[in-house]
Amino acid sequence: MALGRTYSVALVGLNGYMVEVEADIGQTLPAFVILGLPDASLNEAKERIRSAAKNSGIPLSRRKITANLIPASLPKRGSGFDLAVTMAVLRAANDIKPTGNTVFIAELGLDGRLRPVRGILPAVMAAVRAGYPEVVVAHANLAEASLVPGATVRGYRTLARLALDFGADPQELALDFEPDDSGESGDGGALPGPCPDMADVSGQGDARRALEVAAAGAHHLLLTGPPGAGKTMLAERLPGLLPDLGDHESMEVTAIHSLCGLPSSTVRLLRRPPFENPHHSATAAAIIGGGSGLPRPGAASRAHRGVLFLDEAPEYERRVLDALRQPLESGELVIHRSAGTAAYPARFQLVLAANPCPCGKASGKGLDCTCTPVMRRRYLARMSGPLLDRVDIQLQVERVSLTDFGQSGAEEDTASVAGRVREARSRQAERLQRFGLETNSQVPGRILRGDLRLASAATRILDQSLERGVLTARGYDRVLRLAWTLADLGRRDAPDTNDIGQALGLRQATAAAA
Amino acid sequence: MKSKDLLGRRGEDLAVGYLEALGMLVLERNWRCPGGEIDIVALDGDALVIAEVKTRRSLDYGHPFEAVGPEKLARLHRLGAAWCRDRELRMPLRRVDVVAVLDDGGGEPLVEHLKGVG
């Protein structure tokens with residue numbers, strides 16, 4: 001009975017499922033059949049495998065080859081199964097020794113080289129979780145696969161070398177073929193440049209302070225102001241203020257980027273929070289994820305544990321902005337498409353930037369503004385109430401004044417602000433640990449008004465605002481969250497009247513405009 | 001006779017020898033009808049065997065077996081039925097075999113045999 005059995009991993013979103021590959025060689029006319037819901041690129045594997053095996057010196061059997069991918073009901077896509085199918089077929093023909101529980105994930109070139117595939121990190125993570133720690137990948141994927149703790153990863157450049165290690169006859173193998181894969185493993189594709197420094201921002205004391213508070217408490221942020229005020233400049237400097245990602249977070253982020261990137265673009269763990277800055281013409285599918293067949297992650301998921309910056313927010317389609325309400329609430333995006341459902345994490349910090357009106361001049365006295373009041377209202381109303389309700393800090397940014405602009409070089413740099421942010425974060429983490437939370441922005445109102453209740457003397461202004469109807473109950477909680485962050489930044493154990501006053505200021509800055 | 005026909009002829013001779021060595025009784029060779037040609041008709045015990053012989057000099061253009069596609073198989077089944085009608089025979093056990101002959105001119109030709117394909 002000629003039967004070969006190997007293992008591989010099928011990815012559905014970020015979740016990997018073990019796939020068992022069996023191959024059988026039947027005594028009948030030559031054919032190659034792949035069973036188990038293969039997609040087009042997996043069906044093309046037949047031709048790749050035949051050529052690759054022949055050019056490696058171990059031609060496939062001239063009989064009917066049936067490869068079956070189990071579970072049959074799980075849709076399988078992509079070229080990553082090439083190697084597992086090949087090894088199963090070679091085993092069925094008794095060309096190699098049994099491969100045991102080794103997992104094979106690589107694409108084959110016609111010349112018999114192993115090529116890297118996308119999403120190797122989540123795939124190897126799944127294999128390790130499922131109890132299959134031994135993994136064979138293309139050499140260009142080796143660095144990325146090795147990031148997974150607990151995995152025993154081997155990388156090969158050619159099928160011939162791999163077959164040799166599994167006991168194929170060295171006489172026949174094309175072992176002198178050594179492809180150069182340096183172009184594929186590269187330096188990890190486009191490495192993000194260093195984050196721009198806060199020292200470049202002249203003046204803008206309020207905005208700098210708001211940015212620091214946003215970073216410290218992971219609060220969402222809206223910046224409104226005229227063109228040229230520095231909204232984009234400020235937003236780009238936010239990721240630099242955020243602390244490094246922890247081990248778990250950085251695996252999550254790297255896994256998403258491994259899935260989106262070029263097959264070999266991730267070779268190191270991403271330790272810095274990502275920054276996504278989509279153009280305002282982006283569709284809902286581009287932002288939240290989508291695509292035909294199995295949905296792929298969008299900008300919101302790529303910004304997971306980092307910053308999603310929507311410049312010119314009112315220019316986005318309204319349904320695109322509103323699609324963000326779900327991930328803002330749950331930190332996850334579940335997308336349904338014909339081939340299945342994928343859940344991608346999307347716990348990002350949202351930064352919105354907007355002009356005050358279509359012409360952009362309605363700041364200060366707004367004398368140059370050519371917009372009618374109705375136009376102005378409509379413009380900002382494109383960011384819906386429910387969305388803005390989730391944005392803790394709403395700040396008006398004014399054009400920088402000449403006096404501030406002149407004295408450049410006197411501003412604080414990113415490193416010192418980031419230091420305060422780090423300290424504030426650790427204070428929060430310590431206080432919120434018993435609730436299972438990490439940052440002030442996550443604290444539900446129940447805890448704010450329960451276990452973390454402040455003295456009534458401190459909250460007097462808030463209570464008055466609530467009574468007068470200036471503040472809603474939800475707004476009340478948001479001010480409290482900000483006040484806690486301000487207290488953490490000021491190394492106070494609890495917010496005082498001053499913190500609450502400041503928090504109200506950060507919250508209401510655009511109340512007049514909106 | 002062209003050399004490719006000679007090669008085919010030699011291959012069929014080899015195949016007949018091979019099948020007879022397996023204990024089959026060859027009834028007829030190169031039976032033709034408007035629907036096509038059967039290379040070998042033989043009897044294997046109770047079963048009627050319709051055998052198609054494919055001869056190649058080398059593997060450069062693929063294995064001889066690969067030249068037998070689904071269309072050709074269907075034709076062979078049809079021809080088998082036609083042969084039985086022609087001879088007014090009832091043969092409930094009928095199968096199609098393929099014999100591949102690899103004859104590179106030097107040394108012993110390689111004969112491979114697939115029973116009951118398709």
# chains A, B, ... in the order shown; residues from 1 in each chain; ligands from 1
>>> interface_residues(of="chain A", to="chain B", cutoff="10 Å", atoms="only C-alpha atoms", output="compact mmCIF listing (two decimals) with N, CA and C atoms, in the first residue's frame")
# COMPACT_ATOMS: atom_id res chain seq x y z
N GLN A 27 -2.44 2.16 -9.30
CA GLN A 27 -1.92 1.48 -10.48
C GLN A 27 -2.86 1.69 -11.64
N THR A 28 -2.87 2.90 -12.14
CA THR A 28 -3.69 3.16 -13.31
C THR A 28 -3.05 4.28 -14.11
N LEU A 29 -3.71 4.73 -15.15
CA LEU A 29 -3.10 5.70 -16.06
C LEU A 29 -2.66 6.96 -15.34
N PRO A 30 -1.61 7.63 -15.84
CA PRO A 30 -1.05 8.79 -15.13
C PRO A 30 -2.07 9.91 -14.98
N ALA A 31 -2.10 10.46 -13.79
CA ALA A 31 -2.95 11.61 -13.51
C ALA A 31 -2.50 12.17 -12.18
N ARG A 62 4.90 7.77 -12.44
CA ARG A 62 4.10 7.89 -13.67
C ARG A 62 2.82 7.08 -13.51
N ARG A 63 2.15 7.28 -12.45
CA ARG A 63 0.88 6.60 -12.23
C ARG A 63 -0.11 7.63 -11.74
>>> residues_around(residues="region 43-51 of chain B", least_positions_apart="3", cutoff="6 Å", atoms="only C-alpha atoms", output="ChimeraX atom specification")
/B:24-25,40,93-98
>>> residues_around(residues="Leu242 (chain A)", least_positions_apart="4", cutoff="8 Å", atoms="only C-alpha atoms", output="list of chain:residue names")
A:Ala215, A:Ala216, A:Leu238, A:Pro273, A:Ala418, A:Val421, A:Arg422
>>> write_last_selection(atoms="N, CA and C atoms", output="PDB file, in the first residue's frame")
ATOM      1  N   ALA A 215      -1.152  59.644  24.367  1.00  0.00           N
ATOM      2  CA  ALA A 215      -0.201  58.534  24.388  1.00  0.00           C
ATOM      3  C   ALA A 215      -0.213  57.844  25.741  1.00  0.00           C
ATOM      4  N   ALA A 216      -0.287  58.637  26.811  1.00  0.00           N
ATOM      5  CA  ALA A 216      -0.201  58.065  28.149  1.00  0.00           C
ATOM      6  C   ALA A 216      -1.403  57.193  28.481  1.00  0.00           C
ATOM      7  N   LEU A 238       2.939  60.733  17.208  1.00  0.00           N
ATOM      8  CA  LEU A 238       2.339  59.963  18.303  1.00  0.00           C
ATOM      9  C   LEU A 238       2.960  58.577  18.491  1.00  0.00           C
ATOM     10  N   PRO A 273       5.052  50.271  17.932  1.00  0.00           N
ATOM     11  CA  PRO A 273       3.652  50.316  17.507  1.00  0.00           C
ATOM     12  C   PRO A 273       3.561  50.743  16.044  1.00  0.00           C
ATOM     13  N   ALA A 418       8.330  60.617  25.862  1.00  0.00           N
ATOM     14  CA  ALA A 418       8.063  59.173  25.902  1.00  0.00           C
ATOM     15  C   ALA A 418       8.395  58.594  27.273  1.00  0.00           C
ATOM     16  N   VAL A 421       5.493  59.258  29.432  1.00  0.00           N
ATOM     17  CA  VAL A 421       4.390  58.388  29.012  1.00  0.00           C
ATOM     18  C   VAL A 421       4.589  56.980  29.580  1.00  0.00           C
ATOM     19  N   ARG A 422       5.835  56.514  29.495  1.00  0.00           N
ATOM     20  CA  ARG A 422       6.126  55.161  30.005  1.00  0.00           C
ATOM     21  C   ARG A 422       5.801  55.053  31.484  1.00  0.00           C
TER      22      ARG A 422
END
>>> select_by_dssp(residues="region 114-293 of chain A", states="strand (DSSP E or B)", output="list in words")
Leu114, Arg115, Glu134, Val135, Val136, Val137, Ala138, Thr152, Val153, Arg154, Gly155, Tyr156, Thr158, Leu221, Leu222, Leu223, Thr224, Phe275, Glu276, Gly289 and Gly290 of chain A
>>> write_last_selection(atoms="C-alpha atoms", output="mmCIF file, in the first residue's frame")
data_model
loop_
_atom_site.group_PDB
_atom_site.id
_atom_site.type_symbol
_atom_site.label_atom_id
_atom_site.label_comp_id
_atom_site.auth_asym_id
_atom_site.auth_seq_id
_atom_site.Cartn_x
_atom_site.Cartn_y
_atom_site.Cartn_z
ATOM 1 C CA LEU A 114 11.821 26.395 -2.040
ATOM 2 C CA ARG A 115 10.154 29.777 -2.095
ATOM 3 C CA GLU A 134 8.938 20.548 13.954
ATOM 4 C CA VAL A 135 8.571 22.755 10.931
ATOM 5 C CA VAL A 136 10.339 22.895 7.579
ATOM 6 C CA VAL A 137 10.153 26.182 5.660
ATOM 7 C CA ALA A 138 11.914 27.876 2.760
ATOM 8 C CA THR A 152 12.098 23.686 15.887
ATOM 9 C CA VAL A 153 12.413 25.239 12.468
ATOM 10 C CA ARG A 154 14.600 24.083 9.610
ATOM 11 C CA GLY A 155 15.026 26.130 6.462
ATOM 12 C CA TYR A 156 16.034 24.670 3.090
ATOM 13 C CA THR A 158 16.077 23.315 -2.474
ATOM 14 C CA LEU A 221 -7.766 61.877 19.574
ATOM 15 C CA LEU A 222 -9.411 64.377 17.236
ATOM 16 C CA LEU A 223 -7.433 67.357 15.997
ATOM 17 C CA THR A 224 -9.291 70.130 14.199
ATOM 18 C CA PHE A 275 1.366 53.636 12.209
ATOM 19 C CA GLU A 276 -1.240 53.431 9.464
ATOM 20 C CA GLY A 289 -10.357 44.337 5.688
ATOM 21 C CA GLY A 290 -11.993 42.332 2.942
#
>>> atom_distance(atom1="CA of Gly57 (chain A)", atom2="CA of Ala168 (chain A)")
10.0 Å
>>> decode(residues="region 149-180 of chain A", atoms="N, CA and C atoms", output="PDB file, in the first residue's frame")
ATOM      1  N   PRO A 149       8.310  31.019  19.651  1.00  0.00           N
ATOM      2  CA  PRO A 149       8.934  30.252  20.725  1.00  0.00           C
ATOM      3  C   PRO A 149       8.437  28.806  20.713  1.00  0.00           C
ATOM      4  N   GLY A 150       9.346  27.890  20.944  1.00  0.00           N
ATOM      5  CA  GLY A 150       8.941  26.483  21.033  1.00  0.00           C
ATOM      6  C   GLY A 150       8.987  25.743  19.719  1.00  0.00           C
ATOM      7  N   ALA A 151       9.256  26.446  18.625  1.00  0.00           N
ATOM      8  CA  ALA A 151       9.274  25.776  17.331  1.00  0.00           C
ATOM      9  C   ALA A 151      10.698  25.333  16.993  1.00  0.00           C
ATOM     10  N   THR A 152      10.814  24.148  16.401  1.00  0.00           N
ATOM     11  CA  THR A 152      12.098  23.686  15.887  1.00  0.00           C
ATOM     12  C   THR A 152      12.030  23.837  14.377  1.00  0.00           C
ATOM     13  N   VAL A 153      12.599  24.913  13.883  1.00  0.00           N
ATOM     14  CA  VAL A 153      12.413  25.239  12.468  1.00  0.00           C
ATOM     15  C   VAL A 153      13.667  24.918  11.680  1.00  0.00           C
ATOM     16  N   ARG A 154      13.485  24.299  10.530  1.00  0.00           N
ATOM     17  CA  ARG A 154      14.600  24.083   9.610  1.00  0.00           C
ATOM     18  C   ARG A 154      14.274  24.763   8.292  1.00  0.00           C
ATOM     19  N   GLY A 155      15.237  25.456   7.733  1.00  0.00           N
ATOM     20  CA  GLY A 155      15.026  26.130   6.462  1.00  0.00           C
ATOM     21  C   GLY A 155      15.875  25.487   5.380  1.00  0.00           C
ATOM     22  N   TYR A 156      15.302  25.275   4.209  1.00  0.00           N
ATOM     23  CA  TYR A 156      16.034  24.670   3.090  1.00  0.00           C
ATOM     24  C   TYR A 156      15.917  25.562   1.878  1.00  0.00           C
ATOM     25  N   ARG A 157      16.944  25.495   1.021  1.00  0.00           N
ATOM     26  CA  ARG A 157      16.887  26.263  -0.215  1.00  0.00           C
ATOM     27  C   ARG A 157      16.319  25.444  -1.362  1.00  0.00           C
ATOM     28  N   THR A 158      16.558  24.118  -1.348  1.00  0.00           N
ATOM     29  CA  THR A 158      16.077  23.315  -2.474  1.00  0.00           C
ATOM     30  C   THR A 158      15.400  22.036  -1.984  1.00  0.00           C
ATOM     31  N   LEU A 159      14.526  21.546  -2.849  1.00  0.00           N
ATOM     32  CA  LEU A 159      13.839  20.294  -2.567  1.00  0.00           C
ATOM     33  C   LEU A 159      14.838  19.144  -2.483  1.00  0.00           C
ATOM     34  N   ALA A 160      15.887  19.203  -3.321  1.00  0.00           N
ATOM     35  CA  ALA A 160      16.868  18.120  -3.342  1.00  0.00           C
ATOM     36  C   ALA A 160      17.539  17.966  -1.977  1.00  0.00           C
ATOM     37  N   ARG A 161      17.946  19.108  -1.389  1.00  0.00           N
ATOM     38  CA  ARG A 161      18.599  19.068  -0.067  1.00  0.00           C
ATOM     39  C   ARG A 161      17.654  18.499   0.991  1.00  0.00           C
ATOM     40  N   LEU A 162      16.414  18.923   0.924  1.00  0.00           N
ATOM     41  CA  LEU A 162      15.428  18.460   1.894  1.00  0.00           C
ATOM     42  C   LEU A 162      15.207  16.954   1.745  1.00  0.00           C
ATOM     43  N   ALA A 163      15.071  16.512   0.483  1.00  0.00           N
ATOM     44  CA  ALA A 163      14.848  15.089   0.232  1.00  0.00           C
ATOM     45  C   ALA A 163      16.036  14.275   0.733  1.00  0.00           C
ATOM     46  N   LEU A 164      17.241  14.841   0.572  1.00  0.00           N
ATOM     47  CA  LEU A 164      18.442  14.139   1.030  1.00  0.00           C
ATOM     48  C   LEU A 164      18.368  13.887   2.531  1.00  0.00           C
ATOM     49  N   ASP A 165      17.932  14.933   3.280  1.00  0.00           N
ATOM     50  CA  ASP A 165      17.840  14.795   4.730  1.00  0.00           C
ATOM     51  C   ASP A 165      16.751  13.809   5.137  1.00  0.00           C
ATOM     52  N   PHE A 166      15.810  13.545   4.237  1.00  0.00           N
ATOM     53  CA  PHE A 166      14.787  12.555   4.547  1.00  0.00           C
ATOM     54  C   PHE A 166      15.080  11.227   3.843  1.00  0.00           C
ATOM     55  N   GLY A 167      16.341  11.008   3.514  1.00  0.00           N
ATOM     56  CA  GLY A 167      16.752   9.675   3.095  1.00  0.00           C
ATOM     57  C   GLY A 167      16.591   9.354   1.630  1.00  0.00           C
ATOM     58  N   ALA A 168      16.499  10.391   0.759  1.00  0.00           N
ATOM     59  CA  ALA A 168      16.434  10.084  -0.670  1.00  0.00           C
ATOM     60  C   ALA A 168      17.815   9.641  -1.151  1.00  0.00           C
ATOM     61  N   ASP A 169      17.862   8.951  -2.286  1.00  0.00           N
ATOM     62  CA  ASP A 169      19.101   8.417  -2.825  1.00  0.00           C
ATOM     63  C   ASP A 169      19.982   9.552  -3.354  1.00  0.00           C
ATOM     64  N   PRO A 170      21.122   9.802  -2.722  1.00  0.00           N
ATOM     65  CA  PRO A 170      21.947  10.954  -3.124  1.00  0.00           C
ATOM     66  C   PRO A 170      22.487  10.844  -4.540  1.00  0.00           C
ATOM     67  N   GLN A 171      22.534   9.626  -5.099  1.00  0.00           N
ATOM     68  CA  GLN A 171      23.047   9.458  -6.468  1.00  0.00           C
ATOM     69  C   GLN A 171      22.201  10.249  -7.470  1.00  0.00           C
ATOM     70  N   GLU A 172      20.901  10.245  -7.228  1.00  0.00           N
ATOM     71  CA  GLU A 172      19.980  10.801  -8.209  1.00  0.00           C
ATOM     72  C   GLU A 172      19.774  12.301  -8.047  1.00  0.00           C
ATOM     73  N   LEU A 173      19.973  12.809  -6.823  1.00  0.00           N
ATOM     74  CA  LEU A 173      19.547  14.167  -6.513  1.00  0.00           C
ATOM     75  C   LEU A 173      20.401  15.232  -7.187  1.00  0.00           C
ATOM     76  N   ALA A 174      19.751  16.335  -7.510  1.00  0.00           N
ATOM     77  CA  ALA A 174      20.462  17.478  -8.098  1.00  0.00           C
ATOM     78  C   ALA A 174      20.964  18.352  -6.958  1.00  0.00           C
ATOM     79  N   LEU A 175      22.043  17.909  -6.315  1.00  0.00           N
ATOM     80  CA  LEU A 175      22.481  18.593  -5.087  1.00  0.00           C
ATOM     81  C   LEU A 175      23.357  19.801  -5.359  1.00  0.00           C
ATOM     82  N   ASP A 176      23.899  19.906  -6.591  1.00  0.00           N
ATOM     83  CA  ASP A 176      24.788  21.039  -6.855  1.00  0.00           C
ATOM     84  C   ASP A 176      24.013  22.313  -7.171  1.00  0.00           C
ATOM     85  N   PHE A 177      22.683  22.230  -7.173  1.00  0.00           N
ATOM     86  CA  PHE A 177      21.865  23.415  -7.427  1.00  0.00           C
ATOM     87  C   PHE A 177      21.716  24.208  -6.126  1.00  0.00           C
ATOM     88  N   GLU A 178      22.311  25.391  -6.102  1.00  0.00           N
ATOM     89  CA  GLU A 178      22.237  26.222  -4.885  1.00  0.00           C
ATOM     90  C   GLU A 178      21.714  27.596  -5.262  1.00  0.00           C
ATOM     91  N   PRO A 179      20.408  27.783  -5.290  1.00  0.00           N
ATOM     92  CA  PRO A 179      19.896  29.096  -5.706  1.00  0.00           C
ATOM     93  C   PRO A 179      20.254  30.157  -4.678  1.00  0.00           C
ATOM     94  N   ASP A 180      20.371  31.366  -5.174  1.00  0.00           N
ATOM     95  CA  ASP A 180      20.680  32.496  -4.312  1.00  0.00           C
ATOM     96  C   ASP A 180      19.363  33.138  -3.908  1.00  0.00           C
TER      97      ASP A 180
END
